[in-house]
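Participant: What follows is a single structure, and I will ask about it in a moment.
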Amino acid sequence: MIVVAQVAALIAAAVHLLAFAWESILFLRPGVHLDVFRVPTEDVPPVRMWAFNVGFYNLFLGSGAIVGVALWWAGQDTPGRTLVIYTCAFMFLAGIALFASDRMAMSRPRGAGVVGSLCQTVPSLVALLALLVA
């Protein structure tokens with residue numbers, strides 16, 4: 001189960017690193033702001049700073065999970081597991097918040113954020129559950 005937890009944590013990290021790239025580096029591209037986030041082009045300037053900053057939160061979470069797994073592989077079990085648990089718990093709870101905001105249709109039509117919330121919650125939850133079982 002340890003390997004499952006580590007692989008799931010790395011998948012969760014990859015999701016967050018991809019979100020960082022979309023939000024902080026590629027957000028101005030219509031294929032990203034329109035197709036991925038469903039933000040109309042005229043709304044990009046007012047939300048640009050939000051997207052840029054949220055992207056860095058995702059970078060830090062993804063990097064934390066990667067560092068945790070690397071520490072774990074390097075024989076530093078306690079700090080590695082601790083970092084993986086913290087970052088995966090954070091990712092899971094943030095995914096729940098994303099799902100709640102989607103249900104409330106806060107910024108786009110209800111249902112538009114379900115895939116994003118699943119991508120954020122499922123890998124991190126798998127990692128956490130695998131650690132509970134291990």
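Convention: chains lettered A, B, ... in structure tokens order; per-chain residue numbering from 1; ligands numbered from 1 as shown.
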Mind dumping a table of every range 5-27 of chain A residue within 12 Å of range 114-118 of chain A, with the nearest atom pair and its distance in Å to one decimal, using only C-alpha atoms, sorted by chain and rising number, as CSV?

Facilitator:
```
residue,atom,partner,partner_atom,distance
A:Ala12,CA,A:Leu118,CA,10.7
A:Val15,CA,A:Gly116,CA,9.5
A:His16,CA,A:Gly116,CA,10.5
A:Leu18,CA,A:Gly116,CA,11.5
A:Ala19,CA,A:Gly116,CA,9.5
```

Participant: Any chance you can output those residues with all heavy atoms as a compact mmCIF listing (two decimals), in the first residue's frame?

Facilitator:
```txt
# COMPACT_ATOMS: atom_id res chain seq x y z
N ALA A 12 -1.26 13.25 -7.79
CA ALA A 12 -1.87 14.47 -7.26
C ALA A 12 -0.93 15.66 -7.48
O ALA A 12 -1.37 16.75 -7.86
CB ALA A 12 -2.18 14.31 -5.77
N VAL A 15 -1.09 16.75 -11.12
CA VAL A 15 -2.31 17.53 -11.38
C VAL A 15 -2.11 18.98 -10.95
O VAL A 15 -2.46 19.92 -11.67
CB VAL A 15 -3.52 16.90 -10.65
CG1 VAL A 15 -4.72 17.85 -10.64
CG2 VAL A 15 -3.89 15.56 -11.28
N HIS A 16 -1.50 19.17 -9.79
CA HIS A 16 -1.31 20.52 -9.28
C HIS A 16 -0.23 21.28 -10.05
O HIS A 16 -0.35 22.50 -10.23
CB HIS A 16 -1.03 20.48 -7.78
CG HIS A 16 -2.27 20.23 -7.00
ND1 HIS A 16 -2.86 18.99 -6.92
CD2 HIS A 16 -3.07 21.07 -6.32
CE1 HIS A 16 -3.97 19.08 -6.21
NE2 HIS A 16 -4.12 20.34 -5.83
N LEU A 18 0.32 20.82 -13.25
CA LEU A 18 -0.38 21.18 -14.49
C LEU A 18 -1.27 22.41 -14.25
O LEU A 18 -1.28 23.34 -15.07
CB LEU A 18 -1.21 20.01 -15.01
CG LEU A 18 -2.04 20.27 -16.26
CD1 LEU A 18 -1.15 20.64 -17.45
CD2 LEU A 18 -2.89 19.04 -16.59
N ALA A 19 -1.98 22.42 -13.13
CA ALA A 19 -2.83 23.57 -12.82
C ALA A 19 -1.98 24.83 -12.68
O ALA A 19 -2.38 25.92 -13.14
CB ALA A 19 -3.62 23.32 -11.54
```

Participant: At a cut-off of 10 Å, using only C-alpha atoms, what residues contact Met49 in chain A? Leave out same-chain residues fewer than 5 positions from it and give the result as a PDB file with C-alpha atoms, in the first residue's frame.

Facilitator:
```pdb
ATOM      1  CA  GLU A  23      -3.074  29.346 -14.181  1.00  0.00           C
ATOM      2  CA  SER A  24       0.259  31.140 -13.899  1.00  0.00           C
ATOM      3  CA  VAL A  44      -9.428  37.659 -18.180  1.00  0.00           C
ATOM      4  CA  VAL A  54      -3.756  30.406  -7.282  1.00  0.00           C
ATOM      5  CA  GLY A  55      -1.334  28.810  -9.719  1.00  0.00           C
TER       6      GLY A  55
END
```

Participant: For range 82-90 of chain A, find every residue with an atom within 6 Å (counting only C-alpha atoms), except residues of its own chain fewer than 6 positions away, and show them as a PyMOL selection string.

Facilitator: chain A and resi 61+65+68+124

Participant: Can you write out the residues you just picked, keeping N, CA and C atoms, as a CSV table (one decimal), in the first residue's frame?

Facilitator:
```csv
chain,number,residue,atom,x,y,z
A,61,LEU,N,1.9,23.2,-3.5
A,61,LEU,CA,1.3,21.9,-3.0
A,61,LEU,C,1.9,20.7,-3.8
A,65,ALA,N,4.4,17.7,-2.2
A,65,ALA,CA,4.1,16.2,-2.3
A,65,ALA,C,5.3,15.5,-3.0
A,68,GLY,N,8.0,15.4,-0.4
A,68,GLY,CA,7.7,14.4,0.6
A,68,GLY,C,8.0,13.0,0.1
A,124,SER,N,-5.4,12.5,-4.3
A,124,SER,CA,-5.0,12.8,-2.9
A,124,SER,C,-5.7,11.9,-1.9
```

Participant: Expressed in Å to a single decimal, how great is the separation between CA of Phe27 in chain A and CA of Trp50 in chain A?

Facilitator: 10.7 Å

Participant: Any idea what the distance is between CA of Ile96 in chain A and CA of Thr121 in chain A?

Facilitator: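 Those two atoms sit 7.0 Å apart.
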
Participant: Compile the contact shell of Val67 in chain A as a list in words: residues with an atom at most 10 Å away, counting only C-alpha atoms, same-chain residues fewer than 2 positions apart removed.

Facilitator: Leu10, Ala13, Leu61, Gly62, Ser63, Gly64, Ala65, Val69, Ala70, Leu71, Trp72, Trp73, Pro79, Gly80, Leu83 and Val84 of chain A
